[in-house]
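Below is the file my_file17.cif, which contains mmCIF, C-alpha atoms.
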```
data_final
loop_
_atom_site.label_atom_id
_atom_site.label_comp_id
_atom_site.auth_asym_id
_atom_site.auth_seq_id
_atom_site.Cartn_x
_atom_site.Cartn_y
_atom_site.Cartn_z
CA MET O 1 24.00 -115.70 54.41
CA THR O 2 21.55 -118.37 53.16
CA THR O 3 18.10 -117.66 51.77
CA ARG O 4 15.43 -119.53 53.68
CA VAL O 5 12.07 -120.50 52.20
CA CYS O 6 8.98 -121.81 53.97
CA ASP O 7 6.63 -122.93 51.21
CA ARG O 8 3.11 -123.92 52.25
CA SER O 9 1.53 -123.79 48.81
CA GLU O 10 -0.86 -126.61 48.05
CA ASP O 11 -3.12 -127.88 45.34
CA ARG O 12 -6.14 -125.57 45.30
CA SER O 13 -8.19 -127.64 42.91
CA TRP O 14 -10.55 -128.89 45.64
CA VAL O 15 -11.12 -125.37 47.00
CA HIS O 16 -11.67 -123.97 43.50
CA ASN O 17 -14.21 -126.66 42.76
CA ALA O 18 -15.95 -126.11 46.11
CA ILE O 19 -16.37 -122.42 45.35
CA ARG O 20 -17.65 -123.29 41.87
CA LEU O 21 -20.23 -125.65 43.36
CA ILE O 22 -21.52 -122.98 45.74
CA GLU O 23 -21.66 -120.32 43.04
CA ALA O 24 -23.39 -122.69 40.63
CA ASP O 25 -25.96 -123.47 43.32
CA ALA O 26 -26.63 -119.74 43.75
CA ARG O 27 -27.09 -119.24 40.00
CA ARG O 28 -29.69 -122.00 39.91
CA SER O 29 -31.68 -120.21 42.59
CA ALA O 30 -34.09 -117.34 41.92
CA ASP O 31 -34.38 -114.35 44.23
CA THR O 32 -36.87 -114.55 47.09
CA HIS O 33 -40.29 -112.90 46.77
CA LEU O 34 -41.42 -109.60 48.25
CA LEU O 35 -45.04 -110.01 49.37
CA ARG O 36 -47.65 -107.35 50.19
CA PHE O 37 -49.21 -107.83 53.62
CA PRO O 38 -52.95 -106.96 53.65
CA LEU O 39 -53.72 -103.77 55.58
CA GLY O 40 -57.09 -102.04 55.91
CA GLU O 41 -58.30 -98.88 54.19
CA TRP O 42 -57.11 -96.96 57.24
CA ALA O 43 -53.51 -97.46 56.05
CA ARG O 44 -53.80 -94.36 53.80
CA GLY O 45 -50.64 -94.71 51.71
CA VAL O 46 -48.74 -97.02 54.06
CA GLN O 47 -47.68 -100.43 52.75
CA LEU O 48 -46.19 -103.43 54.55
CA TYR O 49 -44.01 -105.89 52.64
CA LEU O 50 -42.68 -109.29 53.70
CA LYS O 51 -39.39 -110.47 52.22
CA ASP O 52 -40.17 -114.19 51.89
CA GLU O 53 -36.94 -115.99 52.73
CA THR O 54 -38.72 -119.35 52.96
CA THR O 55 -38.32 -119.77 49.20
CA HIS O 56 -34.62 -120.57 49.59
CA ILE O 57 -33.94 -124.25 48.95
CA THR O 58 -33.31 -124.81 52.68
CA GLY O 59 -36.38 -122.79 53.65
CA SER O 60 -35.05 -119.83 55.62
CA LEU O 61 -33.21 -116.51 55.74
CA LYS O 62 -30.16 -118.41 57.04
CA HIS O 63 -29.50 -119.88 53.59
CA ARG O 64 -27.87 -116.56 52.62
CA LEU O 65 -25.71 -116.56 55.75
CA ALA O 66 -24.67 -120.19 55.35
CA ARG O 67 -23.56 -119.58 51.76
CA SER O 68 -21.53 -116.54 52.84
CA LEU O 69 -19.93 -118.35 55.77
CA PHE O 70 -18.80 -121.27 53.60
CA LEU O 71 -17.33 -118.93 50.98
CA TYR O 72 -15.66 -116.92 53.75
CA ALA O 73 -14.11 -120.06 55.24
CA LEU O 74 -12.99 -121.38 51.86
CA CYS O 75 -11.38 -118.10 50.81
CA ASN O 76 -9.65 -117.79 54.20
CA GLY O 77 -8.08 -121.23 53.76
CA CYS O 78 -10.04 -122.81 56.60
CA LEU O 79 -11.77 -125.60 54.67
CA ARG O 80 -10.12 -128.42 52.80
CA GLU O 81 -11.24 -131.76 51.48
CA GLY O 82 -12.42 -133.87 54.40
CA THR O 83 -12.59 -131.02 56.95
CA THR O 84 -15.28 -131.54 59.59
CA VAL O 85 -17.44 -128.42 59.75
CA ILE O 86 -18.76 -127.39 63.18
CA GLU O 87 -21.36 -124.76 64.02
CA ALA O 88 -23.14 -123.41 67.09
CA SER O 89 -26.72 -122.91 65.99
CA SER O 90 -30.30 -122.55 67.17
CA GLY O 91 -31.49 -124.54 64.18
CA SER O 92 -32.15 -122.81 60.88
CA THR O 93 -28.53 -121.84 60.23
CA ALA O 94 -27.50 -125.43 60.83
CA VAL O 95 -30.10 -126.71 58.35
CA SER O 96 -28.65 -124.47 55.65
CA GLU O 97 -25.04 -125.20 56.59
CA ALA O 98 -25.71 -128.94 56.54
CA TYR O 99 -26.97 -128.46 52.98
CA PHE O 100 -23.76 -126.74 51.87
CA ALA O 101 -21.56 -129.23 53.71
CA LYS O 102 -23.35 -132.04 51.89
CA LEU O 103 -22.89 -130.18 48.59
CA LEU O 104 -19.13 -130.13 49.22
CA GLY O 105 -18.94 -133.65 50.65
CA LEU O 106 -17.88 -132.47 54.12
CA PRO O 107 -19.03 -133.90 57.48
CA PHE O 108 -21.11 -131.44 59.50
CA VAL O 109 -21.91 -131.20 63.23
CA ALA O 110 -24.40 -128.72 64.69
CA VAL O 111 -24.13 -127.82 68.38
CA MET O 112 -27.51 -126.70 69.74
CA THR O 113 -29.73 -126.69 72.79
CA ARG O 114 -31.98 -129.64 73.52
CA SER O 115 -34.99 -127.32 73.19
CA THR O 116 -34.46 -126.94 69.43
CA SER O 117 -37.58 -128.04 67.56
CA ALA O 118 -37.68 -131.68 66.48
CA ALA O 119 -38.57 -130.55 62.95
CA LYS O 120 -35.30 -128.62 62.63
CA VAL O 121 -33.28 -131.53 63.99
CA ALA O 122 -34.89 -133.79 61.39
CA LEU O 123 -34.04 -131.31 58.61
CA ILE O 124 -30.39 -131.15 59.68
CA GLU O 125 -30.15 -134.94 59.76
CA ARG O 126 -31.91 -135.19 56.40
CA GLU O 127 -29.08 -133.11 54.94
CA GLY O 128 -26.53 -135.52 56.40
CA GLY O 129 -25.62 -133.43 59.44
CA THR O 130 -25.16 -134.62 63.02
CA CYS O 131 -26.74 -132.84 66.00
CA HIS O 132 -24.79 -132.42 69.25
CA PHE O 133 -26.91 -131.17 72.15
CA VAL O 134 -26.17 -128.98 75.16
CA ASP O 135 -28.46 -127.89 77.97
CA ARG O 136 -28.10 -124.09 77.78
CA ALA O 137 -27.72 -121.59 74.93
CA ASP O 138 -24.58 -120.07 76.47
CA GLN O 139 -22.81 -123.46 76.24
CA VAL O 140 -22.91 -123.74 72.45
CA TYR O 141 -19.86 -121.55 71.81
CA THR O 142 -17.30 -123.41 73.92
CA GLU O 143 -18.69 -126.82 72.98
CA ALA O 144 -18.45 -126.03 69.25
CA ALA O 145 -14.88 -124.80 69.68
CA ARG O 146 -14.00 -127.93 71.70
CA LEU O 147 -15.39 -130.26 69.03
CA ALA O 148 -13.54 -128.40 66.28
CA PHE O 149 -10.27 -128.76 68.22
CA GLU O 150 -10.80 -132.44 68.96
CA THR O 151 -11.72 -133.35 65.38
CA GLY O 152 -9.22 -131.05 63.69
CA GLY O 153 -12.24 -129.46 62.05
CA HIS O 154 -13.32 -125.87 61.50
CA TYR O 155 -15.79 -123.92 63.64
CA LEU O 156 -17.68 -121.60 61.26
CA ASP O 157 -18.74 -119.38 64.21
CA GLN O 158 -21.69 -117.54 62.71
CA PHE O 159 -22.01 -115.27 65.74
CA THR O 160 -18.54 -113.79 65.20
CA HIS O 161 -18.26 -113.86 61.41
CA ALA O 162 -21.79 -113.08 60.17
CA GLU O 163 -21.17 -109.37 59.72
CA ALA O 164 -17.82 -109.90 57.98
CA ALA O 165 -18.79 -112.80 55.71
CA THR O 166 -21.51 -110.91 53.80
CA ASP O 167 -20.65 -108.14 51.33
CA TRP O 168 -22.86 -105.34 52.70
CA ARG O 169 -22.18 -103.07 49.71
CA GLY O 170 -24.18 -105.26 47.35
CA ASN O 171 -23.43 -108.47 45.44
CA ASN O 172 -27.08 -109.52 45.66
CA ASN O 173 -27.29 -109.35 49.44
CA ILE O 174 -30.71 -109.09 51.07
CA ALA O 175 -30.62 -105.30 51.35
CA GLU O 176 -29.84 -104.78 47.66
CA SER O 177 -32.58 -107.25 46.79
CA ILE O 178 -35.19 -105.40 48.88
CA PHE O 179 -34.48 -102.01 47.31
CA SER O 180 -34.37 -103.48 43.80
CA GLN O 181 -37.75 -105.19 44.24
CA LEU O 182 -39.34 -102.01 45.61
CA ALA O 183 -38.16 -99.87 42.70
CA LEU O 184 -41.56 -99.66 40.94
CA GLU O 185 -43.72 -99.51 44.08
CA GLU O 186 -45.64 -96.47 45.31
CA ASN O 187 -43.02 -95.86 48.02
CA PRO O 188 -39.79 -97.38 46.64
CA GLU O 189 -37.58 -96.19 49.51
CA PRO O 190 -38.93 -97.78 52.69
CA ALA O 191 -39.47 -95.60 55.72
CA TRP O 192 -38.47 -98.50 57.95
CA ILE O 193 -36.94 -101.96 57.65
CA VAL O 194 -37.72 -104.15 60.66
CA VAL O 195 -35.61 -107.22 61.45
CA GLY O 196 -34.77 -109.44 64.39
CA ALA O 197 -31.27 -110.18 65.63
CA GLY O 198 -29.85 -113.68 65.97
CA THR O 199 -26.22 -113.26 64.99
CA GLY O 200 -26.72 -109.57 64.23
CA GLY O 201 -25.43 -110.15 60.70
CA THR O 202 -28.66 -109.31 58.85
CA SER O 203 -29.16 -106.02 60.67
CA ALA O 204 -25.48 -105.20 60.08
CA THR O 205 -25.79 -105.87 56.34
CA ILE O 206 -29.00 -103.86 55.97
CA GLY O 207 -27.86 -100.97 58.17
CA ARG O 208 -24.55 -100.60 56.36
CA TYR O 209 -26.18 -100.82 52.94
CA ILE O 210 -28.69 -98.08 53.88
CA ARG O 211 -25.82 -95.76 54.76
CA TYR O 212 -23.65 -96.77 51.82
CA ARG O 213 -26.46 -96.00 49.35
CA ARG O 214 -27.41 -92.83 51.28
CA HIS O 215 -31.03 -93.91 51.84
CA ALA O 216 -33.26 -92.17 54.38
CA THR O 217 -34.61 -95.55 55.50
CA ARG O 218 -34.41 -96.26 59.21
CA LEU O 219 -33.59 -99.63 60.74
CA CYS O 220 -35.62 -101.11 63.61
CA VAL O 221 -34.34 -104.24 65.33
CA VAL O 222 -36.84 -106.30 67.34
CA ASP O 223 -35.72 -108.55 70.16
CA PRO O 224 -37.55 -111.32 72.07
CA GLU O 225 -37.59 -111.94 75.81
CA ASN O 226 -34.49 -113.48 77.45
CA SER O 227 -32.24 -111.84 74.85
CA SER O 228 -29.34 -109.47 75.54
CA PHE O 229 -29.47 -107.30 72.42
CA PHE O 230 -32.17 -104.89 73.63
CA ALA O 231 -30.71 -104.67 77.14
CA GLY O 232 -27.29 -103.84 75.72
CA TYR O 233 -28.68 -101.26 73.29
CA ASP O 234 -30.85 -99.63 75.97
CA SER O 235 -28.09 -99.40 78.58
CA GLY O 236 -25.07 -98.96 76.33
CA ASP O 237 -23.45 -101.88 78.17
CA TYR O 238 -22.77 -104.53 75.54
CA SER O 239 -21.21 -106.92 78.01
CA VAL O 240 -24.66 -107.67 79.44
CA GLU O 241 -25.65 -111.35 79.45
CA THR O 242 -28.98 -112.94 80.33
CA GLY O 243 -27.70 -116.51 80.51
CA MET O 244 -31.08 -117.66 79.18
CA SER O 245 -32.26 -119.19 75.91
CA SER O 246 -34.70 -117.32 73.70
CA ARG O 247 -38.05 -119.05 73.31
CA ILE O 248 -38.39 -117.55 69.82
CA GLU O 249 -36.14 -119.73 67.69
CA GLY O 250 -33.76 -118.01 65.29
CA ILE O 251 -33.48 -114.70 67.14
CA GLY O 252 -32.38 -113.53 70.56
CA ARG O 253 -29.13 -114.49 72.28
CA PRO O 254 -27.91 -114.82 75.88
CA ARG O 255 -25.08 -112.39 75.06
CA VAL O 256 -24.62 -109.50 72.63
CA GLU O 257 -22.94 -111.21 69.69
CA PRO O 258 -19.82 -109.75 68.02
CA SER O 259 -21.65 -109.42 64.67
CA PHE O 260 -24.27 -107.04 66.12
CA ILE O 261 -23.44 -103.43 65.18
CA PRO O 262 -25.58 -101.19 67.46
CA ALA O 263 -24.35 -97.88 66.02
CA ILE O 264 -26.24 -98.45 62.76
CA VAL O 265 -29.54 -99.38 64.44
CA ASP O 266 -32.04 -96.51 64.68
CA ARG O 267 -34.47 -98.15 67.08
CA MET O 268 -34.82 -101.33 69.10
CA VAL O 269 -38.07 -102.84 70.36
CA SER O 270 -38.34 -105.52 73.03
CA VAL O 271 -41.20 -107.79 71.97
CA PRO O 272 -43.09 -110.03 74.42
CA ASP O 273 -42.91 -113.67 73.38
CA ALA O 274 -46.69 -114.00 73.62
CA GLY O 275 -46.90 -111.12 71.11
CA SER O 276 -44.56 -112.92 68.72
CA ILE O 277 -46.60 -116.12 68.88
CA ALA O 278 -49.95 -114.33 68.57
CA ALA O 279 -48.69 -112.34 65.56
CA ALA O 280 -47.37 -115.51 63.89
CA ARG O 281 -50.74 -117.25 64.36
CA ILE O 282 -52.88 -114.33 63.15
CA ALA O 283 -50.67 -113.62 60.13
CA SER O 284 -50.62 -117.32 59.27
CA ALA O 285 -54.42 -117.30 59.13
CA LEU O 286 -54.43 -114.17 56.96
CA LEU O 287 -51.83 -115.47 54.50
CA GLY O 288 -52.97 -119.09 54.45
CA ARG O 289 -49.61 -120.52 55.48
CA HIS O 290 -47.67 -121.08 58.69
CA LEU O 291 -45.18 -118.38 59.69
CA GLY O 292 -42.44 -118.88 62.28
CA GLY O 293 -42.14 -117.20 65.65
CA SER O 294 -39.38 -114.81 64.56
CA THR O 295 -41.63 -113.61 61.74
CA GLY O 296 -44.23 -112.93 64.42
CA THR O 297 -41.65 -110.85 66.29
CA ASN O 298 -40.90 -108.92 63.09
CA LEU O 299 -44.60 -108.29 62.48
CA TRP O 300 -45.24 -107.10 66.04
CA GLY O 301 -42.51 -104.48 65.59
CA SER O 302 -43.75 -103.56 62.11
CA PHE O 303 -47.35 -103.10 63.29
CA GLY O 304 -46.16 -100.68 65.98
CA VAL O 305 -44.14 -98.64 63.47
CA ILE O 306 -47.05 -98.53 61.02
CA ALA O 307 -49.51 -97.40 63.70
CA GLU O 308 -47.08 -94.60 64.55
CA MET O 309 -46.89 -93.54 60.89
CA VAL O 310 -50.67 -93.62 60.47
CA ALA O 311 -51.21 -91.56 63.63
CA ALA O 312 -48.75 -88.97 62.31
CA GLY O 313 -50.38 -88.93 58.85
CA VAL O 314 -47.17 -90.11 57.21
CA SER O 315 -47.22 -92.31 54.10
CA GLY O 316 -44.49 -94.78 53.20
CA SER O 317 -43.52 -98.42 53.05
CA VAL O 318 -42.29 -100.77 55.77
CA VAL O 319 -40.37 -103.97 55.01
CA THR O 320 -39.80 -106.92 57.28
CA LEU O 321 -38.75 -110.53 56.90
CA LEU O 322 -40.69 -113.76 56.60
CA ALA O 323 -37.74 -115.60 58.04
CA ASP O 324 -38.59 -119.29 57.90
CA ASP O 325 -41.35 -121.81 57.30
CA GLY O 326 -43.79 -122.05 60.18
CA ASP O 327 -44.37 -125.75 59.52
CA ARG O 328 -41.19 -126.24 61.55
CA TYR O 329 -43.10 -125.07 64.65
CA LEU O 330 -46.35 -127.02 64.47
CA ASP O 331 -45.42 -128.82 67.71
CA THR O 332 -44.57 -125.56 69.52
CA TYR O 333 -46.01 -122.15 68.58
CA PHE O 334 -49.06 -123.63 66.88
CA ASP O 335 -49.70 -126.26 69.55
CA ASP O 336 -52.16 -125.03 72.21
CA GLU O 337 -50.84 -127.49 74.81
CA TRP O 338 -47.25 -126.34 74.29
CA VAL O 339 -48.32 -122.68 74.53
CA ALA O 340 -50.20 -123.32 77.78
CA ALA O 341 -47.39 -125.42 79.26
CA ASN O 342 -44.95 -122.55 78.64
CA GLY O 343 -47.22 -120.06 80.40
CA PHE O 344 -48.18 -117.90 77.43
CA ASP O 345 -51.44 -115.95 77.56
CA LEU O 346 -52.20 -115.09 73.94
CA ILE O 347 -55.49 -113.24 74.59
CA PRO O 348 -54.06 -109.74 75.34
CA PRO O 349 -51.61 -109.63 72.37
CA THR O 350 -54.26 -111.13 70.09
CA LEU O 351 -56.64 -108.29 71.01
CA THR O 352 -53.87 -105.75 70.38
CA ILE O 353 -53.20 -107.14 66.91
CA GLU O 354 -56.87 -107.50 65.98
CA ARG O 355 -57.49 -103.85 66.97
CA PHE O 356 -54.52 -102.77 64.85
CA LEU O 357 -55.74 -104.71 61.83
CA ALA O 358 -59.21 -103.21 62.25
CA ASP O 359 -58.34 -99.51 62.63
CA GLY O 360 -54.55 -99.04 62.59
CA THR O 361 -54.18 -98.13 66.27
CA TRP O 362 -51.67 -99.77 68.59
CA ARG O 363 -52.61 -100.14 72.25
CA GLU O 364 -51.04 -102.86 74.39
#
```

File written out as structure tokens:
Amino acid sequence: MTTRVCDRSEDRSWVHNAIRLIEADARRSADTHLLRFPLGEWARGVQLYLKDETTHITGSLKHRLARSLFLYALCNGCLREGTTVIEASSGSTAVSEAYFAKLLGLPFVAVMTRSTSAAKVALIEREGGTCHFVDRADQVYTEAARLAFETGGHYLDQFTHAEAATDWRGNNNIAESIFSQLALEENPEPAWIVVGAGTGGTSATIGRYIRYRRHATRLCVVDPENSSFFAGYDSGDYSVETGMSSRIEGIGRPRVEPSFIPAIVDRMVSVPDAGSIAAARIASALLGRHLGGSTGTNLWGSFGVIAEMVAAGVSGSVVTLLADDGDRYLDTYFDDEWVAANGFDLIPPTLTIERFLADGTWRE
């Protein structure tokens, strides 16, 4: 009998250096800020905080995910020197992934819908990435997989791997950062954390961390129109598909993504797109900077939760995410002609928000 050996060992020096480069980049970066959102005297012991993810070097919450996905791929043996990196993305993830691909000297291709904002396309190309367009959001998955096969590249697949790539127990993830930054506040354990779902990875990380650390905090996930997450959560049928693109970039999907973990979500809220845009505009005026549409979605959900707390006479803190820089949407959400052309009536949601900011009540 002869011993047989199949040896596939290889020089790991490139992979080791790639991981070093990513870790060194993280060490050069400070944590993102936790901002207080101005509420009126009616708040009576209720605070609203915004986790400002725009301060990442690539300007969005997706910087964390991109870093995790690259490390996940490297440690799983999927990336080598010269590998073409492919991703299906609505924009912000691709901007951040293009940054890390450039850091490692790898070619990068982002598959996205033609409706993606021109500003995001320019940011991806500025980082050396290439944009490959499809007509519908539900086409990005198969097209990304096809390109990866044809090029011999690797499809990062954020929608499948987001929940696995991030260490939800800690290691400076977004949940650990939020609780650490709240430690000296009046209400250090938030009553609610409100987030949107794009891949589902952020809500999965936060929800798992809450349970792991035995916090009483509840998790609310907000979802825009045309998205499947709320419909799946409401019906219990997670095979539901809308087949439509979300008009709020960065969140909402035509299918319930594999990284979305509904069992750890305490509440879901379906937010009208006009409400998201109106909230983004009003908050931008209050804070003196442009906020993106997904941040508007987060705020709409947060305002509703806070009004509920105030009505019940309950004090506590609420945390949500300032997901990306609103300057990316000057030609869409902040453009009156674009808003009108897309059929949005911002007057009713604007009145709802203004009433809330004045007296803490929520009436749509």

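Among the candidate residues O:Lys120, O:Arg114, O:Arg20, O:Arg213, the one lying nearest to Ser92 of chain O is O:Lys120, with distances computed using all atoms listed in the file.
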
Quiz prompt | Minimum-distance residue to Ser235 of chain O, chosen among O:Ala274, O:Cys78, O:Arg12, O:Pro262 (using only C-alpha atoms) | solution = O:Pro262

List as a PDB file with C-alpha atoms, in the coordinates of the input the protein and nucleic acid residues near Asp359 of chain O, meaning an atom at most 8 Å away when only C-alpha atoms are counted, but skip any in the same chain fewer than 2 places from it.
```pdb
ATOM      1  CA  GLY O  40     -57.090-102.040  55.910  1.00  0.00           C
ATOM      2  CA  TRP O  42     -57.110 -96.960  57.240  1.00  0.00           C
ATOM      3  CA  ARG O 355     -57.490-103.850  66.970  1.00  0.00           C
ATOM      4  CA  PHE O 356     -54.520-102.770  64.850  1.00  0.00           C
ATOM      5  CA  LEU O 357     -55.740-104.710  61.830  1.00  0.00           C
ATOM      6  CA  THR O 361     -54.180 -98.130  66.270  1.00  0.00           C
TER       7      THR O 361
END
```

Exercise. Apply the PyMOL selection byres ((chain O and resi 311) around 12) to the structure shown and report the selected residues as a ChimeraX atom specification.
Key: /O:42-44,46,304-310,312-315,356,359-362

Step by step, work through what the PyMOL selection byres ((chain O and resi 245-260) around 8) selects in the shown file, and finish by giving those residues as a short mmCIF file (atom, residue, chain, number, x, y, z; two decimals) with C-alpha atoms, in the coordinates of the input.
```cif
data_model
loop_
_atom_site.label_atom_id
_atom_site.label_comp_id
_atom_site.auth_asym_id
_atom_site.auth_seq_id
_atom_site.Cartn_x
_atom_site.Cartn_y
_atom_site.Cartn_z
CA SER O 90 -30.30 -122.55 67.17
CA GLY O 91 -31.49 -124.54 64.18
CA SER O 92 -32.15 -122.81 60.88
CA THR O 116 -34.46 -126.94 69.43
CA ARG O 136 -28.10 -124.09 77.78
CA ALA O 137 -27.72 -121.59 74.93
CA ASP O 138 -24.58 -120.07 76.47
CA PHE O 159 -22.01 -115.27 65.74
CA THR O 160 -18.54 -113.79 65.20
CA HIS O 161 -18.26 -113.86 61.41
CA ALA O 162 -21.79 -113.08 60.17
CA GLU O 163 -21.17 -109.37 59.72
CA ALA O 164 -17.82 -109.90 57.98
CA GLY O 196 -34.77 -109.44 64.39
CA ALA O 197 -31.27 -110.18 65.63
CA GLY O 198 -29.85 -113.68 65.97
CA THR O 199 -26.22 -113.26 64.99
CA GLY O 200 -26.72 -109.57 64.23
CA GLY O 201 -25.43 -110.15 60.70
CA SER O 203 -29.16 -106.02 60.67
CA ALA O 204 -25.48 -105.20 60.08
CA ASP O 223 -35.72 -108.55 70.16
CA PRO O 224 -37.55 -111.32 72.07
CA GLU O 225 -37.59 -111.94 75.81
CA ASN O 226 -34.49 -113.48 77.45
CA SER O 227 -32.24 -111.84 74.85
CA SER O 228 -29.34 -109.47 75.54
CA PHE O 229 -29.47 -107.30 72.42
CA GLY O 232 -27.29 -103.84 75.72
CA TYR O 238 -22.77 -104.53 75.54
CA SER O 239 -21.21 -106.92 78.01
CA VAL O 240 -24.66 -107.67 79.44
CA GLU O 241 -25.65 -111.35 79.45
CA THR O 242 -28.98 -112.94 80.33
CA GLY O 243 -27.70 -116.51 80.51
CA MET O 244 -31.08 -117.66 79.18
CA ILE O 261 -23.44 -103.43 65.18
CA PRO O 262 -25.58 -101.19 67.46
CA ASP O 273 -42.91 -113.67 73.38
CA SER O 276 -44.56 -112.92 68.72
CA GLY O 293 -42.14 -117.20 65.65
CA SER O 294 -39.38 -114.81 64.56
#
```

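Closest approach to Glu81 of chain O among O:Phe230, O:Trp14, O:Trp338, O:Phe149 is made by O:Trp14 (distances from all atoms listed in the file).
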
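For the pair atom CA of Tyr49 of chain O and atom CA of Arg36 of chain O, the separation is 4.6 Å.
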
Near Ala18 of chain O, counting all atoms listed in the file, which residues have an atom at most 9 Å away, once you skip same-chain residues fewer than 2 positions from it, shown as a PDB file with C-alpha atoms, in the coordinates of the input?
```pdb
ATOM      1  CA  SER O  13      -8.190-127.640  42.910  1.00  0.00           C
ATOM      2  CA  TRP O  14     -10.550-128.890  45.640  1.00  0.00           C
ATOM      3  CA  VAL O  15     -11.120-125.370  47.000  1.00  0.00           C
ATOM      4  CA  HIS O  16     -11.670-123.970  43.500  1.00  0.00           C
ATOM      5  CA  ARG O  20     -17.650-123.290  41.870  1.00  0.00           C
ATOM      6  CA  LEU O  21     -20.230-125.650  43.360  1.00  0.00           C
ATOM      7  CA  ILE O  22     -21.520-122.980  45.740  1.00  0.00           C
ATOM      8  CA  GLU O  23     -21.660-120.320  43.040  1.00  0.00           C
ATOM      9  CA  LEU O  71     -17.330-118.930  50.980  1.00  0.00           C
ATOM     10  CA  LEU O  74     -12.990-121.380  51.860  1.00  0.00           C
ATOM     11  CA  LEU O 103     -22.890-130.180  48.590  1.00  0.00           C
ATOM     12  CA  LEU O 104     -19.130-130.130  49.220  1.00  0.00           C
TER      13      LEU O 104
END
```

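Closest approach to Gly301 of chain O among O:Thr54, O:Ile86, O:Leu48, O:Cys6: O:Leu48, based on all atoms listed in the file.
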
Practice problem: Expand the PyMOL selection byres ((chain O and resi 178) around 10) into the individual residues it matches in the shown file, reporting them as an MDAnalysis selection string. | Solution: chainID O and resid 32:34 49:51 172:177 179:183 188:190 193 206 319:320

Exercise. Would you mind telling me which residue in O:Asp327, O:Glu97, O:Asp234, O:Glu354 lies nearest to Ala66 of chain O when using all atoms listed in the file?
Key: O:Glu97

Quiz item: Closest to Thr352 of chain O among O:Thr295, O:Ala278, O:Ile210, O:Ala285, using only C-alpha atoms?
Solution: O:Ala278

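Separating atom CA of Ser117 of chain O from atom CA of Phe133 of chain O is a distance of 12.0 Å.
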
Self-check item: atom CA of His63 of chain O to atom CA of Phe100 of chain O, straight-line distance in Å
Solution: 9.1 Å

Quiz item: Neighbours of Thr130 of chain O within 8 Å (all atoms listed in the file; same-chain residues fewer than 4 positions away dropped), as an MDAnalysis selection string?
Solution: chainID O and resid 108:110 124:125

Quiz item: What would the list of residues within 9 Å of (-41.5, -127.4, 60.2) (file frame) look like as a PyMOL selection string, if only C-alpha atoms are what count?
Solution: chain O and resi 117-120+123+290+292+324-331

Quiz item: So which residues touch Arg218 of chain O within 10 Å, counting all atoms listed in the file, skipping near sequence neighbours fewer than 3 positions away, as a list in words?
Solution: Pro190, Ala191, Trp192, Ile193, Val194, Ile206, Gly207, Ile210, Arg211, His215, Ile264, Val265, Asp266, Arg267 and Val318 of chain O

Quiz item: Counting all atoms listed in the file, what is within 10 Å of Thr83 of chain O, bar same-chain residues fewer than 6 positions away, as an MDAnalysis selection string?
Solution: chainID O and resid 101 105:108 148 151:154
